[in-house]
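Note: the block below is run-v7.cif and it holds mmCIF, C-alpha atoms and all ligand atoms.
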```cif
data_work
loop_
_atom_site.label_atom_id
_atom_site.label_comp_id
_atom_site.auth_asym_id
_atom_site.auth_seq_id
_atom_site.Cartn_x
_atom_site.Cartn_y
_atom_site.Cartn_z
CA MET A 1 -41.45 36.78 29.04
CA SER A 2 -44.28 35.01 30.88
CA ALA A 3 -43.87 33.75 34.42
CA ALA A 4 -43.97 30.17 33.10
CA THR A 5 -41.01 30.70 30.77
CA ARG A 6 -38.92 32.89 33.05
CA ILE A 7 -35.66 31.19 33.84
CA SER A 8 -34.78 31.42 37.50
CA PRO A 9 -31.12 31.75 38.46
CA PRO A 10 -29.45 28.54 39.61
CA ALA A 11 -29.65 27.84 43.34
CA PRO A 12 -26.46 28.72 45.18
CA ILE A 13 -24.05 25.92 46.01
CA PRO A 14 -24.51 25.12 49.70
CA LEU A 15 -21.65 25.96 52.04
CA ILE A 16 -21.09 24.00 55.22
CA CYS A 17 -18.66 25.82 57.49
CA ALA A 18 -17.23 24.51 60.76
CA ASN A 19 -16.63 27.06 63.48
CA TRP A 20 -14.26 25.50 65.96
CA LYS A 21 -14.36 28.59 68.19
CA MET A 22 -11.62 28.36 70.87
CA ASN A 23 -11.30 24.58 70.56
CA LEU A 24 -8.86 22.22 68.81
CA SER A 25 -5.18 23.06 68.59
CA ALA A 26 -2.79 22.73 65.65
CA SER A 27 -1.71 19.23 66.67
CA GLU A 28 -5.35 18.16 66.94
CA ALA A 29 -6.14 19.70 63.56
CA GLU A 30 -3.96 17.24 61.65
CA PRO A 31 -5.73 13.99 62.63
CA TYR A 32 -9.03 15.84 62.27
CA ALA A 33 -8.21 16.86 58.68
CA ALA A 34 -7.14 13.32 57.83
CA ALA A 35 -10.37 11.87 59.22
CA LEU A 36 -12.55 14.45 57.46
CA ARG A 37 -10.78 13.93 54.14
CA ALA A 38 -11.17 10.17 54.45
CA ARG A 39 -14.88 10.53 55.19
CA LEU A 40 -15.69 13.12 52.51
CA GLY A 41 -13.31 11.87 49.86
CA ASP A 42 -11.17 14.53 48.26
CA ARG A 43 -13.67 16.58 46.31
CA SER A 44 -12.43 19.89 45.07
CA ALA A 45 -15.10 22.52 44.68
CA ASP A 46 -14.14 22.63 40.99
CA LEU A 47 -14.70 18.94 40.52
CA ASN A 48 -17.79 18.57 42.61
CA LYS A 49 -20.30 21.37 42.56
CA ALA A 50 -22.68 19.71 45.02
CA PHE A 51 -21.50 21.59 48.09
CA GLU A 52 -18.55 23.45 49.55
CA VAL A 53 -16.96 22.80 52.92
CA ALA A 54 -14.91 25.22 55.01
CA ILE A 55 -13.34 25.14 58.46
CA ALA A 56 -12.75 28.14 60.74
CA PRO A 57 -10.18 27.19 63.38
CA ALA A 58 -8.60 29.56 65.89
CA HIS A 59 -6.00 31.83 64.25
CA PRO A 60 -2.87 29.96 65.46
CA VAL A 61 -4.25 26.78 63.87
CA LEU A 62 -4.85 28.21 60.37
CA ASP A 63 -1.39 27.44 59.02
CA ARG A 64 -1.19 23.78 60.09
CA LEU A 65 -4.80 23.11 59.17
CA GLY A 66 -4.31 24.76 55.77
CA ARG A 67 -1.37 22.46 55.06
CA ALA A 68 -3.32 19.41 56.21
CA LEU A 69 -6.19 20.34 53.87
CA GLU A 70 -4.05 21.00 50.78
CA GLY A 71 -5.61 19.49 47.65
CA SER A 72 -8.83 18.54 49.43
CA GLY A 73 -11.01 21.38 48.14
CA ILE A 74 -11.94 22.13 51.79
CA ALA A 75 -11.56 25.86 52.34
CA LEU A 76 -9.91 27.66 55.22
CA ALA A 77 -11.88 30.31 57.10
CA ALA A 78 -10.90 32.73 59.85
CA GLN A 79 -13.08 33.41 62.87
CA ASN A 80 -12.36 37.14 62.95
CA LEU A 81 -9.99 39.88 61.77
CA HIS A 82 -9.17 43.50 62.58
CA ALA A 83 -10.53 46.23 60.34
CA GLU A 84 -7.23 48.13 60.07
CA GLU A 85 -4.65 47.18 57.50
CA SER A 86 -1.76 46.90 60.00
CA GLY A 87 -0.35 48.66 63.01
CA ALA A 88 -0.18 48.75 66.78
CA PHE A 89 -3.11 46.46 67.59
CA THR A 90 -1.67 43.91 69.99
CA GLY A 91 -3.32 40.52 69.74
CA GLU A 92 -5.14 41.26 66.50
CA VAL A 93 -4.91 39.71 63.03
CA SER A 94 -5.01 41.53 59.69
CA LEU A 95 -6.53 40.72 56.34
CA ARG A 96 -3.09 40.41 54.73
CA MET A 97 -2.12 37.75 57.28
CA LEU A 98 -5.24 35.78 56.43
CA GLU A 99 -4.67 36.16 52.69
CA ASP A 100 -1.13 34.94 53.15
CA LEU A 101 -2.41 31.75 54.75
CA GLY A 102 -4.84 31.10 51.91
CA CYS A 103 -8.05 31.87 53.81
CA HIS A 104 -11.13 31.92 51.60
CA PHE A 105 -13.59 33.18 54.20
CA ALA A 106 -13.67 35.16 57.43
CA LEU A 107 -16.52 35.22 59.93
CA ILE A 108 -17.50 38.71 60.98
CA GLY A 109 -20.05 39.74 63.58
CA HIS A 110 -20.41 36.36 65.23
CA SER A 111 -22.77 36.77 68.19
CA GLU A 112 -19.98 35.81 70.59
CA ARG A 113 -17.93 38.72 69.21
CA ARG A 114 -20.93 41.02 69.52
CA GLN A 115 -21.98 39.90 73.00
CA ILE A 116 -18.76 38.94 74.79
CA PHE A 117 -16.39 41.37 73.11
CA GLY A 118 -18.85 44.20 72.55
CA GLU A 119 -18.47 44.51 68.78
CA THR A 120 -20.88 47.00 67.28
CA ASP A 121 -22.62 47.10 63.90
CA ALA A 122 -20.29 49.98 62.94
CA GLN A 123 -17.15 47.97 63.74
CA ILE A 124 -18.49 44.96 61.87
CA ALA A 125 -19.20 47.14 58.84
CA GLU A 126 -15.58 48.34 58.97
CA LYS A 127 -14.40 44.73 58.89
CA ALA A 128 -16.71 44.03 55.96
CA ALA A 129 -15.25 47.08 54.18
CA ARG A 130 -11.73 45.75 54.72
CA LEU A 131 -12.73 42.43 53.16
CA ALA A 132 -14.56 43.95 50.17
CA GLY A 133 -12.70 43.22 46.96
CA SER A 134 -10.19 40.94 48.72
CA ALA A 135 -9.63 37.21 48.28
CA VAL A 136 -11.25 36.59 51.68
CA LYS A 137 -15.04 36.52 51.58
CA PRO A 138 -16.99 37.72 54.59
CA ILE A 139 -19.46 35.43 56.32
CA LEU A 140 -21.58 38.02 58.11
CA CYS A 141 -23.34 36.56 61.15
CA VAL A 142 -26.64 38.00 62.32
CA GLY A 143 -29.13 36.82 64.91
CA GLU A 144 -31.41 37.84 67.74
CA THR A 145 -31.20 37.08 71.46
CA LEU A 146 -33.94 35.17 73.28
CA GLU A 147 -35.19 38.43 74.77
CA GLU A 148 -35.41 40.06 71.35
CA ARG A 149 -37.28 37.05 69.98
CA GLU A 150 -39.73 37.12 72.86
CA GLN A 151 -40.29 40.82 72.19
CA LYS A 152 -41.04 39.87 68.56
CA ARG A 153 -38.11 41.96 67.38
CA THR A 154 -36.31 39.19 65.45
CA LEU A 155 -36.72 40.67 61.97
CA GLU A 156 -36.01 44.21 63.14
CA VAL A 157 -32.72 43.03 64.71
CA VAL A 158 -31.43 40.91 61.83
CA GLU A 159 -32.46 43.49 59.25
CA ARG A 160 -30.59 46.17 61.20
CA GLN A 161 -27.49 43.96 61.41
CA LEU A 162 -27.51 43.12 57.70
CA GLY A 163 -28.65 46.59 56.67
CA SER A 164 -25.79 48.34 58.44
CA VAL A 165 -23.30 46.41 56.31
CA LEU A 166 -25.28 46.78 53.07
CA ASP A 167 -25.75 50.52 53.68
CA GLN A 168 -22.13 51.28 54.49
CA VAL A 169 -20.09 48.92 52.34
CA ASP A 170 -19.86 48.63 48.57
CA GLY A 171 -18.23 45.82 46.66
CA LEU A 172 -19.59 42.86 48.63
CA GLU A 173 -22.03 41.83 45.94
CA GLY A 174 -21.47 38.23 44.90
CA ALA A 175 -18.82 37.70 47.59
CA MET A 176 -20.57 38.02 50.94
CA VAL A 177 -22.18 35.05 52.67
CA VAL A 178 -24.76 35.69 55.40
CA ALA A 179 -25.27 33.40 58.39
CA TYR A 180 -28.42 33.56 60.50
CA GLU A 181 -27.58 32.34 63.97
CA PRO A 182 -30.27 32.91 66.58
CA VAL A 183 -28.31 33.50 69.79
CA TRP A 184 -30.71 31.34 71.83
CA ALA A 185 -29.94 28.36 69.60
CA ILE A 186 -26.14 28.57 69.83
CA GLY A 187 -24.56 25.89 71.97
CA THR A 188 -27.85 25.26 73.74
CA GLY A 189 -29.08 22.20 71.86
CA ARG A 190 -32.16 24.29 70.96
CA THR A 191 -32.52 24.59 67.20
CA ALA A 192 -34.88 26.89 65.40
CA THR A 193 -37.50 24.79 63.64
CA PRO A 194 -36.87 24.66 59.89
CA GLU A 195 -40.01 26.77 59.33
CA LEU A 196 -38.96 29.40 61.84
CA ALA A 197 -35.47 29.61 60.37
CA GLN A 198 -36.89 29.78 56.85
CA GLU A 199 -39.07 32.74 57.83
CA VAL A 200 -36.00 34.75 58.87
CA HIS A 201 -33.96 33.57 55.88
CA ALA A 202 -36.77 34.69 53.56
CA ALA A 203 -36.69 38.17 55.11
CA LEU A 204 -32.90 38.36 54.69
CA ARG A 205 -33.25 37.10 51.11
CA ALA A 206 -35.80 39.82 50.34
CA MET A 207 -33.35 42.46 51.59
CA LEU A 208 -30.50 41.03 49.53
CA GLU A 209 -32.68 40.87 46.40
CA THR A 210 -33.86 44.45 46.87
CA ARG A 211 -30.23 45.61 46.91
CA TRP A 212 -28.57 43.16 44.58
CA GLY A 213 -31.29 41.64 42.36
CA THR A 214 -30.32 38.23 41.01
CA VAL A 215 -27.06 38.29 42.94
CA GLY A 216 -29.19 38.53 46.07
CA THR A 217 -31.12 35.44 45.00
CA GLN A 218 -27.82 33.61 44.69
CA THR A 219 -26.23 34.88 47.90
CA ARG A 220 -25.76 32.07 50.35
CA ILE A 221 -27.62 32.39 53.63
CA LEU A 222 -26.38 29.80 56.13
CA TYR A 223 -28.21 28.69 59.25
CA GLY A 224 -26.30 28.20 62.51
CA GLY A 225 -27.35 27.12 65.99
CA SER A 226 -27.07 23.53 67.21
CA VAL A 227 -26.89 22.09 63.68
CA LYS A 228 -25.98 18.41 63.80
CA PRO A 229 -26.37 15.32 61.63
CA SER A 230 -29.87 14.60 62.95
CA ASN A 231 -31.36 17.99 62.01
CA ALA A 232 -29.19 19.16 59.10
CA ARG A 233 -31.18 17.53 56.32
CA GLU A 234 -34.47 19.11 57.31
CA LEU A 235 -32.93 22.55 57.79
CA LEU A 236 -31.04 22.38 54.50
CA SER A 237 -34.17 21.42 52.61
CA GLN A 238 -35.70 24.85 53.25
CA PRO A 239 -35.67 27.02 50.11
CA ASP A 240 -33.65 29.90 51.56
CA ILE A 241 -31.24 27.89 53.70
CA ASN A 242 -28.08 27.47 51.63
CA GLY A 243 -25.80 25.82 54.10
CA ALA A 244 -24.85 25.71 57.75
CA LEU A 245 -22.43 27.19 60.25
CA VAL A 246 -21.69 24.38 62.65
CA GLY A 247 -20.18 24.84 66.12
CA GLY A 248 -20.23 21.98 68.61
CA ALA A 249 -20.96 19.22 66.09
CA SER A 250 -18.02 20.33 63.94
CA LEU A 251 -15.48 19.35 66.61
CA ASP A 252 -15.90 15.71 65.66
CA PRO A 253 -14.87 15.06 62.04
CA GLU A 254 -17.37 12.24 61.65
CA ALA A 255 -20.30 14.35 62.85
CA PHE A 256 -19.16 17.30 60.73
CA ALA A 257 -18.80 15.14 57.63
CA GLU A 258 -22.26 13.70 58.17
CA THR A 259 -23.69 17.19 58.55
CA ALA A 260 -22.05 18.26 55.30
CA LEU A 261 -23.22 15.16 53.46
CA ALA A 262 -26.79 16.04 54.44
CA CYS A 263 -26.62 18.56 51.55
CA LEU A 264 -26.63 15.73 49.08
CA ASN A 265 -30.09 14.49 50.04
P1 LIG B 301 -23.39 25.45 67.87
O1 LIG B 301 -23.50 24.64 66.62
O2 LIG B 301 -22.48 24.86 68.89
O3 LIG B 301 -24.74 25.81 68.42
O4 LIG B 301 -22.70 26.84 67.47
C1 LIG B 301 -23.22 27.57 66.41
C2 LIG B 301 -22.28 28.66 66.09
O5 LIG B 301 -22.13 29.60 66.83
C3 LIG B 301 -21.51 28.55 64.84
O6 LIG B 301 -20.90 29.75 64.53
#
```
Do you think you could lay out the structure here as structure tokens?
Amino acid sequence: MSAATRISPPAPIPLICANWKMNLSASEAEPYAAALRARLGDRSADLNKAFEVAIAPAHPVLDRLGRALEGSGIALAAQNLHAEESGAFTGEVSLRMLEDLGCHFALIGHSERRQIFGETDAQIAEKAARLAGSAVKPILCVGETLEEREQKRTLEVVERQLGSVLDQVDGLEGAMVVAYEPVWAIGTGRTATPELAQEVHAALRAMLETRWGTVGTQTRILYGGSVKPSNARELLSQPDINGALVGGASLDPEAFAETALACLN
């Protein structure tokens, strides 16, 4: 088949995921969900293939938020989980607990987990292995620090972070989402320029395609780091940016809805 007639796989459906971090309680989640639903309209992912929306609240909020989102098509995501199936791990949360609550996604390897709580690539790979084949899809976060960027080590760092999961874990093909979140852009108001983000996304895409072929082309790579309504459209228009992981701007349902709706333009 000539290049002109080759049919490229369809672009992945963008995913816009809120990461509330340690903000918003269960009682605050209910009015939030009502406001977001009103603003987005109830569009189930089955009915509207334009984009998917997910929210990752703190663990104690998952149940109430899940109930408040019932029938909306907005997915529930967890911010973390433990790699073991069950046991004496005080303060931790298992995959089965997340499945029970109807979680569709779980963040793993967020830079705050790596930096503040000392999570290693090996531990993150174990979490990915726990999620493989389950109903909860991993959103693997990767990203370099300011120092690493200044040392021109960005690609080396993100490729190591993604590679350690791809090397050690089977069965993630078609399920895993990747999120590039440069640490220096998180919560700082500094956003990577769309071109700079695209450069890293293209490198991650190349890795995914080498391992997974067409599935790699269709794997969603989200951008995170000070995404807000005013910059979402430009970021999302980059060819390898397939959605966003939104922190601060997701705490306000209006701002989060506007960020999500930027996918439509
Ligand atoms: P901000 O959008 O607040 O920069 O946070 C990004 C983030 O860490 C999402 O996971």
Close residues, Ala244 of chain A itself excluded, 9 Å, all atoms listed in the file, min 4 positions apart in chain, as a PyMOL selection string
chain A and resi 14-18+179+221-225+227+232+235-236+259-260
Nearest to Val142 of chain A by atom-to-atom distance, counting only C-alpha atoms, from A:Gly109, A:Gly216, A:Gly174, A:Gly163
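Looking only at the distances to Val142 of chain A, the closest residue turns out to be A:Gly109.
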As a quick test: using all atoms listed in the file, which residues lie no more than 10 Å away from ligand LIG 301 (chain B)? Give them as a ChimeraX atom specification.
/A:17-21,56,79,107,110-112,141,179-191,223-228,244-251
Quick one: pull the distance between atom CA of Leu81 of chain A and atom CA of Glu254 of chain A, Å, one decimal.
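Here the two named atoms are 28.6 Å from each other.
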Can you pull out every residue within 10 Å of Val93 of chain A, counting all atoms listed in the file, but drop anything in the same chain fewer than 2 positions away, and send it as a list in words?
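Here the answer would be His59, Ala78, Asn80, Leu81, His82, Ala83, Glu84, Glu85, Ser86, Phe89, Thr90, Gly91, Leu95, Arg96, Met97 and Leu98 of chain A.
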Emit the selected residues as a PDB file, in the frame of the given file, including C-alpha atoms.
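Contents of the output file out09.pdb:
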```pdb
ATOM      1  CA  HIS A  59      -6.000  31.830  64.250  1.00  0.00           C
ATOM      2  CA  ALA A  78     -10.900  32.730  59.850  1.00  0.00           C
ATOM      3  CA  ASN A  80     -12.360  37.140  62.950  1.00  0.00           C
ATOM      4  CA  LEU A  81      -9.990  39.880  61.770  1.00  0.00           C
ATOM      5  CA  HIS A  82      -9.170  43.500  62.580  1.00  0.00           C
ATOM      6  CA  ALA A  83     -10.530  46.230  60.340  1.00  0.00           C
ATOM      7  CA  GLU A  84      -7.230  48.130  60.070  1.00  0.00           C
ATOM      8  CA  GLU A  85      -4.650  47.180  57.500  1.00  0.00           C
ATOM      9  CA  SER A  86      -1.760  46.900  60.000  1.00  0.00           C
ATOM     10  CA  PHE A  89      -3.110  46.460  67.590  1.00  0.00           C
ATOM     11  CA  THR A  90      -1.670  43.910  69.990  1.00  0.00           C
ATOM     12  CA  GLY A  91      -3.320  40.520  69.740  1.00  0.00           C
ATOM     13  CA  LEU A  95      -6.530  40.720  56.340  1.00  0.00           C
ATOM     14  CA  ARG A  96      -3.090  40.410  54.730  1.00  0.00           C
ATOM     15  CA  MET A  97      -2.120  37.750  57.280  1.00  0.00           C
ATOM     16  CA  LEU A  98      -5.240  35.780  56.430  1.00  0.00           C
TER      17      LEU A  98
END
```
Students should find that atom CA of Gln218 of chain A and atom CA of Ala11 of chain A are spaced 6.2 Å
So which residues touch Leu264 of chain A within 9 Å, counting all atoms listed in the file, skipping near sequence neighbours fewer than 5 positions away, as number ranges by chain?
A: 50-51, 233
Quick one: distance from atom CA of Gly41 of chain A to atom CA of Pro9 of chain A in Å, one decimal?
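Interatomic distance, atom CA of Gly41 of chain A to atom CA of Pro9 of chain A: 29.0 Å.
Excluding segment 119-130 of chain A and any residue on its chain fewer than 5 positions from it, the residues at most 7 Å away by only C-alpha atoms are His82, Ala83, Ile108, Gly109, Arg113, Arg114, Pro138, Gln161, Ser164, Val165, Gln168 and Val169 of chain A.
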Non-local contacts of Ala132 of chain A (9 Å; all atoms listed in the file; under 5 positions in same chain excluded) as a list in words:
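My reading of the contact set: Lys127, Lys137, Pro138, Val169, Asp170, Gly171, Leu172, Glu173, Ala175 and Met176 of chain A.
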Serialized selection, C-alpha atoms, as a PDB file, in the coordinates of the input:
```pdb
ATOM      1  CA  LYS A 127     -14.400  44.730  58.890  1.00  0.00           C
ATOM      2  CA  LYS A 137     -15.040  36.520  51.580  1.00  0.00           C
ATOM      3  CA  PRO A 138     -16.990  37.720  54.590  1.00  0.00           C
ATOM      4  CA  VAL A 169     -20.090  48.920  52.340  1.00  0.00           C
ATOM      5  CA  ASP A 170     -19.860  48.630  48.570  1.00  0.00           C
ATOM      6  CA  GLY A 171     -18.230  45.820  46.660  1.00  0.00           C
ATOM      7  CA  LEU A 172     -19.590  42.860  48.630  1.00  0.00           C
ATOM      8  CA  GLU A 173     -22.030  41.830  45.940  1.00  0.00           C
ATOM      9  CA  ALA A 175     -18.820  37.700  47.590  1.00  0.00           C
ATOM     10  CA  MET A 176     -20.570  38.020  50.940  1.00  0.00           C
TER      11      MET A 176
END
```
When you count all atoms listed in the file, which of these residues is closest to Thr217 of chain A: A:Pro253, A:Gly143, A:Gly133, A:Pro10?
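Ranking A:Pro253, A:Gly143, A:Gly133, A:Pro10 by distance to Thr217 of chain A, first place goes to A:Pro10.
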Closest atom pairs, residues of segment 104-164 of chain A within 8 Å of segment 198-214 of chain A, only C-alpha atoms, as CSV:
```
residue,atom,partner,partner_atom,distance
A:Thr154,CA,A:Val200,CA,7.9
A:Leu155,CA,A:Val200,CA,6.7
A:Val158,CA,A:Leu204,CA,7.7
A:Glu159,CA,A:Leu204,CA,6.9
A:Leu162,CA,A:Leu204,CA,7.8
```
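Each of A:Cys263, A:Ala135, A:Ala34, A:Ala88 was checked against Val53 of chain A using only C-alpha atoms; the smallest atom-to-atom distance is that of A:Cys263.
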Just save segment 186-203 of chain A with N, CA and C atoms, as a short mmCIF file (atom, residue, chain, number, x, y, z; two decimals), in the first residue's frame.
```cif
data_model
loop_
_atom_site.label_atom_id
_atom_site.label_comp_id
_atom_site.auth_asym_id
_atom_site.auth_seq_id
_atom_site.Cartn_x
_atom_site.Cartn_y
_atom_site.Cartn_z
N ILE A 186 4.15 22.22 37.65
CA ILE A 186 3.03 21.80 38.49
C ILE A 186 2.80 22.81 39.60
N GLY A 187 1.62 23.39 39.60
CA GLY A 187 1.24 24.30 40.68
C GLY A 187 2.03 25.59 40.71
N THR A 188 2.77 25.86 39.65
CA THR A 188 3.64 27.04 39.64
C THR A 188 3.10 28.15 38.75
N GLY A 189 2.08 27.82 37.96
CA GLY A 189 1.59 28.79 36.98
C GLY A 189 2.46 28.79 35.72
N ARG A 190 3.61 28.11 35.78
CA ARG A 190 4.47 28.00 34.58
C ARG A 190 4.00 26.81 33.76
N THR A 191 3.66 27.02 32.52
CA THR A 191 3.25 25.91 31.67
C THR A 191 4.33 25.68 30.63
N ALA A 192 4.53 24.44 30.28
CA ALA A 192 5.41 24.18 29.14
C ALA A 192 4.74 24.80 27.91
N THR A 193 5.52 25.36 27.01
CA THR A 193 4.89 25.86 25.78
C THR A 193 4.34 24.63 25.04
N PRO A 194 3.33 24.83 24.21
CA PRO A 194 2.78 23.69 23.47
C PRO A 194 3.86 22.96 22.67
N GLU A 195 4.81 23.70 22.10
CA GLU A 195 5.86 23.08 21.28
C GLU A 195 6.79 22.23 22.14
N LEU A 196 7.11 22.77 23.30
CA LEU A 196 8.01 22.05 24.21
C LEU A 196 7.34 20.77 24.73
N ALA A 197 6.07 20.89 25.07
CA ALA A 197 5.34 19.71 25.54
C ALA A 197 5.25 18.69 24.41
N GLN A 198 4.93 19.16 23.21
CA GLN A 198 4.79 18.26 22.06
C GLN A 198 6.08 17.47 21.82
N GLU A 199 7.22 18.14 22.00
CA GLU A 199 8.50 17.47 21.76
C GLU A 199 8.64 16.25 22.70
N VAL A 200 8.26 16.42 23.95
CA VAL A 200 8.36 15.30 24.90
C VAL A 200 7.30 14.25 24.58
N HIS A 201 6.09 14.71 24.27
CA HIS A 201 5.02 13.75 23.93
C HIS A 201 5.42 12.92 22.72
N ALA A 202 6.08 13.55 21.74
CA ALA A 202 6.47 12.81 20.54
C ALA A 202 7.49 11.71 20.90
N ALA A 203 8.38 12.02 21.83
CA ALA A 203 9.37 11.02 22.25
C ALA A 203 8.68 9.86 22.98
#
```
